[in-house]
Every structure is written in structure tokens, then in C-alpha cells.
file run-v7.cif (mmCIF, C-alpha atoms)
data_structure
#
loop_
_atom_site.label_atom_id
_atom_site.label_comp_id
_atom_site.auth_asym_id
_atom_site.auth_seq_id
_atom_site.Cartn_x
_atom_site.Cartn_y
_atom_site.Cartn_z
CA MET W 165 8.59 25.72 -4.68
CA LYS W 166 7.86 22.05 -5.03
CA LYS W 167 10.78 19.70 -5.43
CA ASN W 168 10.89 17.17 -8.20
CA SER W 169 11.72 13.57 -7.37
CA THR W 170 13.82 11.41 -9.67
CA ASN W 171 11.64 8.46 -8.65
CA LEU W 172 8.27 9.93 -9.48
CA SER W 173 6.50 8.09 -12.27
CA PHE W 174 3.68 5.60 -12.62
CA SER W 175 2.06 3.12 -14.97
CA VAL W 176 -1.69 2.89 -15.52
CA LEU W 177 -3.17 -0.45 -14.46
CA PHE W 178 -6.88 0.32 -15.02
CA GLU W 179 -8.73 3.29 -16.43
CA ASP W 180 -12.30 4.21 -17.33
CA ASN W 181 -14.56 7.24 -16.95
CA HIS W 182 -15.04 6.61 -13.22
CA LEU W 183 -11.75 5.29 -11.83
CA ILE W 184 -8.05 5.21 -12.56
CA ALA W 185 -5.65 2.76 -10.90
CA VAL W 186 -1.90 3.18 -11.15
CA LYS W 187 1.21 1.40 -9.97
CA LYS W 188 2.90 3.58 -7.39
CA LEU W 189 6.67 3.33 -7.11
CA SER W 190 8.46 3.33 -3.79
CA GLY W 191 9.40 6.90 -2.90
CA ASP W 192 6.31 8.53 -4.38
CA ILE W 193 3.89 10.32 -2.08
CA ILE W 194 0.17 10.20 -2.79
CA GLN W 195 -0.75 13.58 -1.36
CA SER W 196 1.27 16.58 -0.25
CA ASP W 197 3.27 16.56 2.97
CA LYS W 198 5.90 18.73 4.65
CA THR W 199 8.55 17.76 2.05
CA GLY W 200 6.76 19.71 -0.66
CA ASP W 201 7.57 16.98 -3.19
CA ILE W 202 5.32 16.65 -6.22
CA THR W 203 2.64 14.07 -5.48
CA LEU W 204 1.38 11.04 -7.34
CA ALA W 205 -2.10 12.61 -7.35
CA GLU W 206 -0.76 15.71 -9.09
CA ASN W 207 1.01 13.61 -11.71
CA VAL W 208 -2.11 11.52 -12.37
CA LYS W 209 -4.18 14.69 -12.76
CA SER W 210 -1.63 16.01 -15.27
CA TYR W 211 -1.81 12.73 -17.18
CA ILE W 212 -5.63 12.91 -17.39
CA LYS W 213 -5.59 16.58 -18.36
CA LYS W 214 -3.14 15.95 -21.20
CA LYS W 215 -4.64 12.68 -22.46
CA TYR W 216 -8.21 13.99 -22.64
CA ASN W 217 -7.32 17.62 -23.39
CA LYS W 218 -9.38 18.79 -20.42
CA PRO W 219 -9.69 22.53 -19.77
CA GLY W 220 -9.48 23.84 -16.21
CA ASP W 221 -8.97 21.73 -13.12
CA VAL W 222 -9.20 17.94 -13.28
CA PHE W 223 -11.17 16.17 -10.54
CA LEU W 224 -9.25 13.37 -8.86
CA GLY W 225 -10.44 11.87 -5.58
CA ILE W 226 -8.01 10.16 -3.23
CA ILE W 227 -9.69 6.96 -2.04
CA HIS W 228 -6.89 5.28 -0.07
CA ARG W 229 -3.17 5.61 0.58
CA ILE W 230 -0.07 3.45 0.88
CA ASP W 231 3.11 4.45 2.69
CA ARG W 232 5.82 6.37 0.85
CA PRO W 233 8.43 3.54 0.83
CA VAL W 234 5.81 1.02 -0.37
CA GLY W 235 4.94 0.36 -4.02
CA GLY W 236 1.86 -1.13 -5.62
CA VAL W 237 -1.75 -0.50 -6.61
CA VAL W 238 -3.37 2.84 -5.85
CA VAL W 239 -6.92 3.63 -7.02
CA PHE W 240 -8.23 7.16 -7.58
CA ALA W 241 -11.77 8.34 -8.35
CA ARG W 242 -12.41 10.40 -11.47
CA THR W 243 -15.85 11.60 -10.37
CA SER W 244 -17.38 12.69 -7.08
CA LYS W 245 -20.02 9.95 -7.39
CA SER W 246 -17.43 7.18 -7.68
CA LEU W 247 -15.41 8.73 -4.85
CA ALA W 248 -18.41 8.65 -2.51
CA ARG W 249 -19.25 5.06 -3.42
CA MET W 250 -15.65 3.85 -3.10
CA ASN W 251 -15.35 5.57 0.29
CA ALA W 252 -18.45 3.66 1.37
CA PHE W 253 -16.97 0.37 0.13
CA PHE W 254 -13.83 0.96 2.20
CA ARG W 255 -15.84 2.01 5.25
CA ASP W 256 -18.03 -1.09 5.00
CA LYS W 257 -15.00 -3.38 4.45
CA GLU W 258 -16.16 -4.41 0.98
CA VAL W 259 -12.70 -3.98 -0.52
CA LYS W 260 -10.21 -6.85 -0.47
CA LYS W 261 -6.49 -6.07 -0.49
CA GLU W 262 -3.48 -8.34 -0.73
CA TYR W 263 0.04 -7.29 0.13
CA TRP W 264 3.30 -9.14 -0.38
CA ALA W 265 6.13 -8.82 2.14
CA VAL W 266 9.69 -10.11 2.32
CA VAL W 267 10.61 -10.49 6.00
CA GLU W 268 13.79 -11.26 7.91
CA GLU W 269 12.47 -13.96 10.25
CA LYS W 270 10.25 -17.00 9.89
CA PRO W 271 6.74 -16.46 11.29
CA PRO W 272 5.67 -18.71 14.17
CA PHE W 273 3.00 -20.42 12.03
CA GLU W 274 2.60 -20.95 8.28
CA GLU W 275 -0.62 -18.95 8.40
CA GLY W 276 -2.36 -16.95 11.06
CA GLU W 277 -4.39 -13.93 12.08
CA LEU W 278 -2.86 -11.07 14.04
CA THR W 279 -4.92 -8.80 16.27
CA ASN W 280 -3.21 -5.87 17.95
CA TRP W 281 -4.04 -2.39 19.18
CA LEU W 282 -2.00 0.32 17.47
CA LYS W 283 -1.17 3.70 18.93
CA LYS W 284 0.24 6.37 16.63
CA ASN W 285 3.03 8.76 17.65
CA GLN W 286 2.32 11.86 15.56
CA VAL W 287 5.72 13.44 16.25
CA LYS W 288 7.73 10.40 15.13
CA ASN W 289 5.21 9.33 12.45
CA LYS W 290 5.38 5.83 13.88
CA SER W 291 2.92 3.39 15.43
CA ARG W 292 3.37 0.95 18.29
CA ALA W 293 1.54 -2.36 18.63
CA TYR W 294 0.06 -3.65 21.88
CA ASP W 295 -1.45 -7.03 22.67
CA VAL W 296 -4.26 -5.43 24.68
CA GLU W 297 -6.23 -2.24 24.20
CA VAL W 298 -4.57 0.89 25.57
CA LYS W 299 -5.70 4.50 25.69
CA GLN W 300 -6.02 6.11 22.22
CA SER W 301 -5.24 2.83 20.44
CA LYS W 302 -7.11 1.36 17.47
CA LYS W 303 -7.77 -2.30 16.78
CA ALA W 304 -5.80 -3.74 13.84
CA VAL W 305 -6.37 -7.16 12.26
CA LEU W 306 -4.59 -8.92 9.41
CA LYS W 307 -4.19 -12.43 8.05
CA TYR W 308 -0.92 -13.78 6.70
CA THR W 309 0.29 -16.86 4.81
CA LEU W 310 3.87 -18.05 4.41
CA VAL W 311 4.39 -18.91 0.73
CA GLY W 312 8.10 -19.67 0.62
CA ARG W 313 11.60 -18.60 1.54
CA SER W 314 14.98 -17.71 0.11
CA ARG W 315 18.28 -18.41 1.83
CA ASN W 316 17.90 -15.43 4.17
CA TYR W 317 14.30 -14.22 3.88
CA TYR W 318 10.68 -15.38 4.05
CA TYR W 319 7.81 -14.52 1.72
CA LEU W 320 4.41 -13.61 3.15
CA LYS W 321 1.04 -12.82 1.59
CA ILE W 322 -1.01 -10.51 3.78
CA ASN W 323 -4.69 -9.55 3.82
CA PRO W 324 -5.32 -6.54 6.07
CA LEU W 325 -8.84 -6.54 7.51
CA THR W 326 -8.50 -3.03 8.91
CA GLY W 327 -6.65 0.03 7.64
CA ARG W 328 -4.43 1.55 10.32
CA HIS W 329 -1.33 3.73 10.23
CA HIS W 330 1.66 1.57 9.18
CA GLN W 331 -0.45 -1.44 10.14
CA ILE W 332 1.31 -4.24 8.26
CA ARG W 333 4.76 -2.91 9.07
CA VAL W 334 4.18 -2.60 12.80
CA GLN W 335 2.14 -5.80 13.22
CA LEU W 336 4.70 -7.94 11.40
CA SER W 337 7.53 -6.35 13.38
CA HIS W 338 5.63 -6.98 16.62
CA MET W 339 5.30 -10.65 15.60
CA GLY W 340 9.08 -10.77 15.08
CA CYS W 341 9.00 -10.62 11.26
CA LYS W 342 10.58 -7.32 10.29
CA ILE W 343 10.15 -6.29 6.65
CA LYS W 344 13.38 -6.14 4.67
CA GLY W 345 14.62 -2.55 4.49
CA ASP W 346 12.14 -1.19 7.06
CA VAL W 347 14.60 0.17 9.62
CA LYS W 348 11.84 2.29 11.18
CA TYR W 349 10.37 -0.96 12.47
CA GLY W 350 13.58 -2.80 13.29
CA ALA W 351 15.02 -4.15 10.02
CA LYS W 352 18.75 -4.79 10.08
CA ARG W 353 19.61 -2.39 7.27
CA THR W 354 18.04 -0.12 4.68
CA ASN W 355 17.53 -1.00 1.04
CA LYS W 356 19.85 0.98 -1.23
CA ASP W 357 16.96 2.72 -3.01
CA GLY W 358 15.14 3.61 0.23
CA SER W 359 12.29 1.19 -0.47
CA ILE W 360 11.00 -1.50 1.82
CA HIS W 361 10.04 -4.98 0.62
CA LEU W 362 6.30 -4.47 0.97
CA LEU W 363 4.03 -4.41 -2.08
CA ALA W 364 0.36 -3.52 -2.43
CA ARG W 365 -0.09 -6.47 -4.80
CA SER W 366 -3.83 -6.40 -5.55
CA ILE W 367 -7.14 -4.80 -4.78
CA SER W 368 -10.62 -6.23 -5.50
CA PHE W 369 -13.97 -4.47 -5.29
CA MET W 370 -17.33 -3.99 -6.99
CA HIS W 371 -17.11 -1.27 -9.63
CA PRO W 372 -18.98 1.73 -8.18
CA VAL W 373 -20.98 2.34 -11.37
CA LYS W 374 -20.84 -0.78 -13.55
CA LYS W 375 -21.49 -3.13 -10.58
CA GLU W 376 -18.91 -5.61 -11.83
CA GLU W 377 -16.30 -7.25 -9.60
CA ILE W 378 -12.82 -6.15 -10.64
CA THR W 379 -9.34 -7.07 -9.43
CA ILE W 380 -6.32 -4.91 -10.18
CA LEU W 381 -2.80 -6.33 -9.91
CA ALA W 382 0.60 -4.67 -9.66
CA ASN W 383 3.77 -6.64 -10.31
CA PRO W 384 6.68 -6.18 -7.90
CA PRO W 385 9.89 -4.35 -8.81
CA VAL W 386 12.55 -6.35 -10.59
CA ASP W 387 15.03 -7.73 -8.09
CA PRO W 388 16.07 -11.30 -7.18
CA LEU W 389 13.86 -11.59 -4.08
CA TRP W 390 10.76 -10.17 -5.73
CA ASN W 391 11.40 -12.29 -8.83
CA GLU W 392 11.50 -15.44 -6.72
CA PHE W 393 8.33 -14.41 -4.86
CA LEU W 394 6.58 -13.85 -8.19
CA ASN W 395 7.69 -17.26 -9.49
CA LEU W 396 6.39 -18.96 -6.34
CA SER W 397 3.01 -17.30 -6.80
CA ASN W 398 2.51 -18.17 -10.47
#
call {"tool": "encode", "arguments": {"input": "run-v7.cif", "output": "C-alpha cells"}}
result
Amino acid sequence: MKKNSTNLSFSVLFEDNHLIAVKKLSGDIIQSDKTGDITLAENVKSYIKKKYNKPGDVFLGIIHRIDRPVGGVVVFARTSKSLARMNAFFRDKEVKKEYWAVVEEKPPFEEGELTNWLKKNQVKNKSRAYDVEVKQSKKAVLKYTLVGRSRNYYYLKINPLTGRHHQIRVQLSHMGCKIKGDVKYGAKRTNKDGSIHLLARSISFMHPVKKEEITILANPPVDPLWNEFLNLSN
């Protein structure tokens, strides 16, 4: 039997006949895993089924994923055609993503590009970053910009240029900038709600059918650090 989560809800950020984008909360999972918890995809399918009074199964294609403790924009396909086209956009690096991170240490430069080789440990569900290519590693590249700081933390905007397992978390940690709450990658302590201070802030792409450029934004959770980050970015 699947377990319900008390932190399993979403808000719709964009919706048409081809795509639906929602704001994922920290703690939600996008597709099923060993926990058996109800997934975000299942909840979105239920929403579509109820809203449009659809008989039978609802098609919902998973285009991309973000980690369970991370919140922010997630886009799903509502048709097989849009799923195929969105998959091609991701494969061809025609999708732009921006993440926001609150980190414990100041980065060495105000902006920079990180290139590492990541190797995933399947048993521990964790990746390790290397400065040179090693066996079974994958190249990971991201750009970051320091946008401000609080008394104890630093605010980074991040543009991942590749999509690797835990990429932002492990690359920032490897640089010495551990994400607040991310004890898996060396943070000092957990956040009380189990989240980490990493947000999938925006995603931009050409609509797969309408051929119009769209950008979808998700606001961060309400807390003093995220509020300050948001004010700095306005």
C-alpha cells in the first residue's frame, strides 16, 4: 500500500493542452521509488482527470526530475507528441534552467564555471566529483553567480549546462560551498523540514507545439533567507 505524505501538494504554474508545469514542494517525489510514497506525477494525473472529467487513464509524460529535498518548477507533457519534442529539447540542450542556492561558504569568485567529472554510487544514492575524468564518470558543467549574502550564508544563482545525478549539490560542495541543509554533501546541519536550500527557480524553452518561447518561474518557500534572496533578485 502506498503511503501518503503530509507534504505532498502542488500549485499549477502553467497549463495548456500540451504541457503542465507545477511547483514541486520539498519532500515530494516525482516518480515512484522504494519508499512507495504517492508521487507528484500521480497527483498531477489525478488533478487533470478531475478537472477535465477524463475517463480512463490520463497520459502524463515525465520530462525531467529534481531531487526529493529540492523544490521548484517541474514540467510534464500531456501528450506523447509534446513529450517526444521536449525530450529532444533537453537532449539538444535547448532548455535553459536557473537554480537558486543558499550556501554556507563564500565561493572563490563572484562568478565562474565549474567543470567536474561525477561518478554515481548506486548503493548510497550519492555522487562524487573529480577534477579529472575517471572510470565510469560523466562530465558536469555549471555556471554560478554570487548575488548577495546574509550574516551567515551566501546566495548563488546557478545555470546547469548538463544534467547529472545530484549535479549542483555535489559540484558546489566540491567547490567548498555546501548547500544549507544538505548534510548528504557536507552541510553542518539539516533543515527542520528536511528540505535543502536549493530551488529550481525557472525553466525556459520553445513551446513544443506553439513554437513560442516561454519561461516558467517558481517562487521560493517563505523563510527569512529565501525572502532576502527574492528581494535581492527583484
call {"tool": "closest_atom_pairs", "arguments": {"input": "run-v7.cif", "of": "segment 314-361 of chain W", "to": "segment 241-265 of chain W", "cutoff": "12 Å", "atoms": "all atoms listed in the file", "output": "JSON lines"}}
result
{"residue": "W:Tyr317", "atom": "CA", "partner": "W:Ala265", "partner_atom": "CA", "distance": 9.9}
{"residue": "W:Tyr318", "atom": "CA", "partner": "W:Ala265", "partner_atom": "CA", "distance": 8.2}
{"residue": "W:Tyr319", "atom": "CA", "partner": "W:Ala265", "partner_atom": "CA", "distance": 6.0}
{"residue": "W:Leu320", "atom": "CA", "partner": "W:Ala265", "partner_atom": "CA", "distance": 5.2}
{"residue": "W:Lys321", "atom": "CA", "partner": "W:Trp264", "partner_atom": "CA", "distance": 4.7}
{"residue": "W:Ile322", "atom": "CA", "partner": "W:Tyr263", "partner_atom": "CA", "distance": 5.0}
{"residue": "W:Asn323", "atom": "CA", "partner": "W:Glu262", "partner_atom": "CA", "distance": 4.9}
{"residue": "W:Pro324", "atom": "CA", "partner": "W:Lys261", "partner_atom": "CA", "distance": 6.7}
{"residue": "W:Leu325", "atom": "CA", "partner": "W:Lys257", "partner_atom": "CA", "distance": 7.6}
{"residue": "W:Thr326", "atom": "CA", "partner": "W:Lys257", "partner_atom": "CA", "distance": 7.9}
{"residue": "W:Gly327", "atom": "CA", "partner": "W:Phe254", "partner_atom": "CA", "distance": 9.1}
{"residue": "W:Gln331", "atom": "CA", "partner": "W:Tyr263", "partner_atom": "CA", "distance": 11.6}
{"residue": "W:Ile332", "atom": "CA", "partner": "W:Tyr263", "partner_atom": "CA", "distance": 8.8}
{"residue": "W:Arg333", "atom": "CA", "partner": "W:Ala265", "partner_atom": "CA", "distance": 9.2}
{"residue": "W:Leu336", "atom": "CA", "partner": "W:Ala265", "partner_atom": "CA", "distance": 9.4}
{"residue": "W:Ser337", "atom": "CA", "partner": "W:Ala265", "partner_atom": "CA", "distance": 11.6}
{"residue": "W:Cys341", "atom": "CA", "partner": "W:Ala265", "partner_atom": "CA", "distance": 9.7}
{"residue": "W:Lys342", "atom": "CA", "partner": "W:Ala265", "partner_atom": "CA", "distance": 9.4}
{"residue": "W:Ile343", "atom": "CA", "partner": "W:Ala265", "partner_atom": "CA", "distance": 6.5}
{"residue": "W:Lys344", "atom": "CA", "partner": "W:Ala265", "partner_atom": "CA", "distance": 8.1}
{"residue": "W:Gly345", "atom": "CA", "partner": "W:Ala265", "partner_atom": "CA", "distance": 10.8}
{"residue": "W:Asp346", "atom": "CA", "partner": "W:Ala265", "partner_atom": "CA", "distance": 10.9}
{"residue": "W:Ile360", "atom": "CA", "partner": "W:Ala265", "partner_atom": "CA", "distance": 8.8}
{"residue": "W:His361", "atom": "CA", "partner": "W:Ala265", "partner_atom": "CA", "distance": 5.7}
call {"tool": "write_last_selection", "arguments": {"input": "run-v7.cif", "atoms": "C-alpha atoms", "output": "JSON list (two decimals), in the coordinates of the input"}}
result
[["chain", "number", "residue", "atom", "x", "y", "z"],
["W", 317, "TYR", "CA", 14.30, -14.22, 3.88],
["W", 318, "TYR", "CA", 10.68, -15.38, 4.05],
["W", 319, "TYR", "CA", 7.81, -14.52, 1.72],
["W", 320, "LEU", "CA", 4.41, -13.61, 3.15],
["W", 321, "LYS", "CA", 1.04, -12.82, 1.59],
["W", 322, "ILE", "CA", -1.01, -10.51, 3.78],
["W", 323, "ASN", "CA", -4.69, -9.55, 3.82],
["W", 324, "PRO", "CA", -5.32, -6.54, 6.07],
["W", 325, "LEU", "CA", -8.84, -6.54, 7.51],
["W", 326, "THR", "CA", -8.50, -3.03, 8.91],
["W", 327, "GLY", "CA", -6.65, 0.03, 7.64],
["W", 331, "GLN", "CA", -0.45, -1.44, 10.14],
["W", 332, "ILE", "CA", 1.31, -4.24, 8.26],
["W", 333, "ARG", "CA", 4.76, -2.91, 9.07],
["W", 336, "LEU", "CA", 4.70, -7.94, 11.40],
["W", 337, "SER", "CA", 7.53, -6.35, 13.38],
["W", 341, "CYS", "CA", 9.00, -10.62, 11.26],
["W", 342, "LYS", "CA", 10.58, -7.32, 10.29],
["W", 343, "ILE", "CA", 10.15, -6.29, 6.65],
["W", 344, "LYS", "CA", 13.38, -6.14, 4.67],
["W", 345, "GLY", "CA", 14.62, -2.55, 4.49],
["W", 346, "ASP", "CA", 12.14, -1.19, 7.06],
["W", 360, "ILE", "CA", 11.00, -1.50, 1.82],
["W", 361, "HIS", "CA", 10.04, -4.98, 0.62]]
call {"tool": "resolve_selection", "arguments": {"input": "run-v7.cif", "expression": "the PyMOL selection byres ((chain W and resi 290) around 9)", "output": "PyMOL selection string"}}
result
chain W and resi 283-289+291-292+329-330+334+348-349
call {"tool": "resolve_selection", "arguments": {"input": "run-v7.cif", "expression": "the PyMOL selection byres ((chain W and resi 301) around 6)", "output": "VMD selection string"}}
result
chain W and resid 281 to 283 298 to 300 302
call {"tool": "atom_distance", "arguments": {"input": "run-v7.cif", "atom1": "atom CA of Pro272 of chain W", "atom2": "atom CA of Lys303 of chain W"}}
result
21.4 Å
call {"tool": "closest_residue", "arguments": {"input": "run-v7.cif", "among": "W:His338, W:Ser175, W:Leu204, W:Leu396", "to": "Gly350 of chain W", "atoms": "all atoms listed in the file"}}
result
W:His338
call {"tool": "atom_distance", "arguments": {"input": "run-v7.cif", "atom1": "atom CA of Gly191 of chain W", "atom2": "atom CA of Glu277 of chain W"}}
result
29.1 Å
call {"tool": "residues_around", "arguments": {"input": "run-v7.cif", "residues": "segment 213-221 of chain W", "least_positions_apart": "6", "cutoff": "12 Å", "atoms": "all atoms listed in the file", "output": "PDB file with C-alpha atoms, in the frame of the given file"}}
result
ATOM      1  CA  GLU W 179      -8.730   3.290 -16.430  1.00  0.00           C
ATOM      2  CA  ASP W 180     -12.300   4.210 -17.330  1.00  0.00           C
ATOM      3  CA  ASN W 181     -14.560   7.240 -16.950  1.00  0.00           C
ATOM      4  CA  GLU W 206      -0.760  15.710  -9.090  1.00  0.00           C
ATOM      5  CA  ASN W 207       1.010  13.610 -11.710  1.00  0.00           C
ATOM      6  CA  ARG W 242     -12.410  10.400 -11.470  1.00  0.00           C
TER       7      ARG W 242
END
call {"tool": "closest_residue", "arguments": {"input": "run-v7.cif", "among": "W:Gly225, W:Phe174, W:Pro233, W:Gly340", "to": "Tyr211 of chain W", "atoms": "all atoms listed in the file"}}
result
W:Phe174
call {"tool": "closest_residue", "arguments": {"input": "run-v7.cif", "among": "W:Val296, W:Ile212, W:Val186, W:Ile193", "to": "Val239 of chain W", "atoms": "only C-alpha atoms"}}
result
W:Val186
call {"tool": "decode", "arguments": {"input": "run-v7.cif", "residues": "segment 202-215 of chain W", "atoms": "N, CA and C atoms", "output": "PDB file, in the first residue's frame"}}
result
ATOM      1  N   ILE W 202       3.241   8.210  -2.464  1.00  0.00           N
ATOM      2  CA  ILE W 202       2.494   8.725  -3.618  1.00  0.00           C
ATOM      3  C   ILE W 202       3.332   9.789  -4.316  1.00  0.00           C
ATOM      4  N   THR W 203       3.343   9.761  -5.629  1.00  0.00           N
ATOM      5  CA  THR W 203       4.239  10.632  -6.383  1.00  0.00           C
ATOM      6  C   THR W 203       3.540  11.905  -6.858  1.00  0.00           C
ATOM      7  N   LEU W 204       4.363  12.882  -7.178  1.00  0.00           N
ATOM      8  CA  LEU W 204       3.856  14.118  -7.764  1.00  0.00           C
ATOM      9  C   LEU W 204       3.160  13.821  -9.089  1.00  0.00           C
ATOM     10  N   ALA W 205       3.740  12.944  -9.895  1.00  0.00           N
ATOM     11  CA  ALA W 205       3.127  12.589 -11.181  1.00  0.00           C
ATOM     12  C   ALA W 205       1.728  12.015 -10.993  1.00  0.00           C
ATOM     13  N   GLU W 206       1.549  11.166 -10.002  1.00  0.00           N
ATOM     14  CA  GLU W 206       0.225  10.598  -9.735  1.00  0.00           C
ATOM     15  C   GLU W 206      -0.770  11.686  -9.327  1.00  0.00           C
ATOM     16  N   ASN W 207      -0.312  12.609  -8.490  1.00  0.00           N
ATOM     17  CA  ASN W 207      -1.198  13.691  -8.054  1.00  0.00           C
ATOM     18  C   ASN W 207      -1.578  14.617  -9.201  1.00  0.00           C
ATOM     19  N   VAL W 208      -0.627  14.894 -10.099  1.00  0.00           N
ATOM     20  CA  VAL W 208      -0.931  15.748 -11.250  1.00  0.00           C
ATOM     21  C   VAL W 208      -1.913  15.039 -12.186  1.00  0.00           C
ATOM     22  N   LYS W 209      -1.735  13.742 -12.377  1.00  0.00           N
ATOM     23  CA  LYS W 209      -2.684  12.985 -13.197  1.00  0.00           C
ATOM     24  C   LYS W 209      -4.088  13.024 -12.597  1.00  0.00           C
ATOM     25  N   SER W 210      -4.177  12.906 -11.281  1.00  0.00           N
ATOM     26  CA  SER W 210      -5.485  12.975 -10.612  1.00  0.00           C
ATOM     27  C   SER W 210      -6.121  14.342 -10.790  1.00  0.00           C
ATOM     28  N   TYR W 211      -5.292  15.385 -10.714  1.00  0.00           N
ATOM     29  CA  TYR W 211      -5.786  16.752 -10.917  1.00  0.00           C
ATOM     30  C   TYR W 211      -6.366  16.912 -12.323  1.00  0.00           C
ATOM     31  N   ILE W 212      -5.644  16.431 -13.342  1.00  0.00           N
ATOM     32  CA  ILE W 212      -6.105  16.544 -14.725  1.00  0.00           C
ATOM     33  C   ILE W 212      -7.386  15.740 -14.932  1.00  0.00           C
ATOM     34  N   LYS W 213      -7.409  14.543 -14.405  1.00  0.00           N
ATOM     35  CA  LYS W 213      -8.573  13.662 -14.555  1.00  0.00           C
ATOM     36  C   LYS W 213      -9.832  14.310 -13.975  1.00  0.00           C
ATOM     37  N   LYS W 214      -9.676  14.913 -12.799  1.00  0.00           N
ATOM     38  CA  LYS W 214     -10.820  15.538 -12.135  1.00  0.00           C
ATOM     39  C   LYS W 214     -11.223  16.828 -12.840  1.00  0.00           C
ATOM     40  N   LYS W 215     -10.247  17.678 -13.173  1.00  0.00           N
ATOM     41  CA  LYS W 215     -10.560  18.984 -13.767  1.00  0.00           C
ATOM     42  C   LYS W 215     -11.265  18.837 -15.115  1.00  0.00           C
TER      43      LYS W 215
END
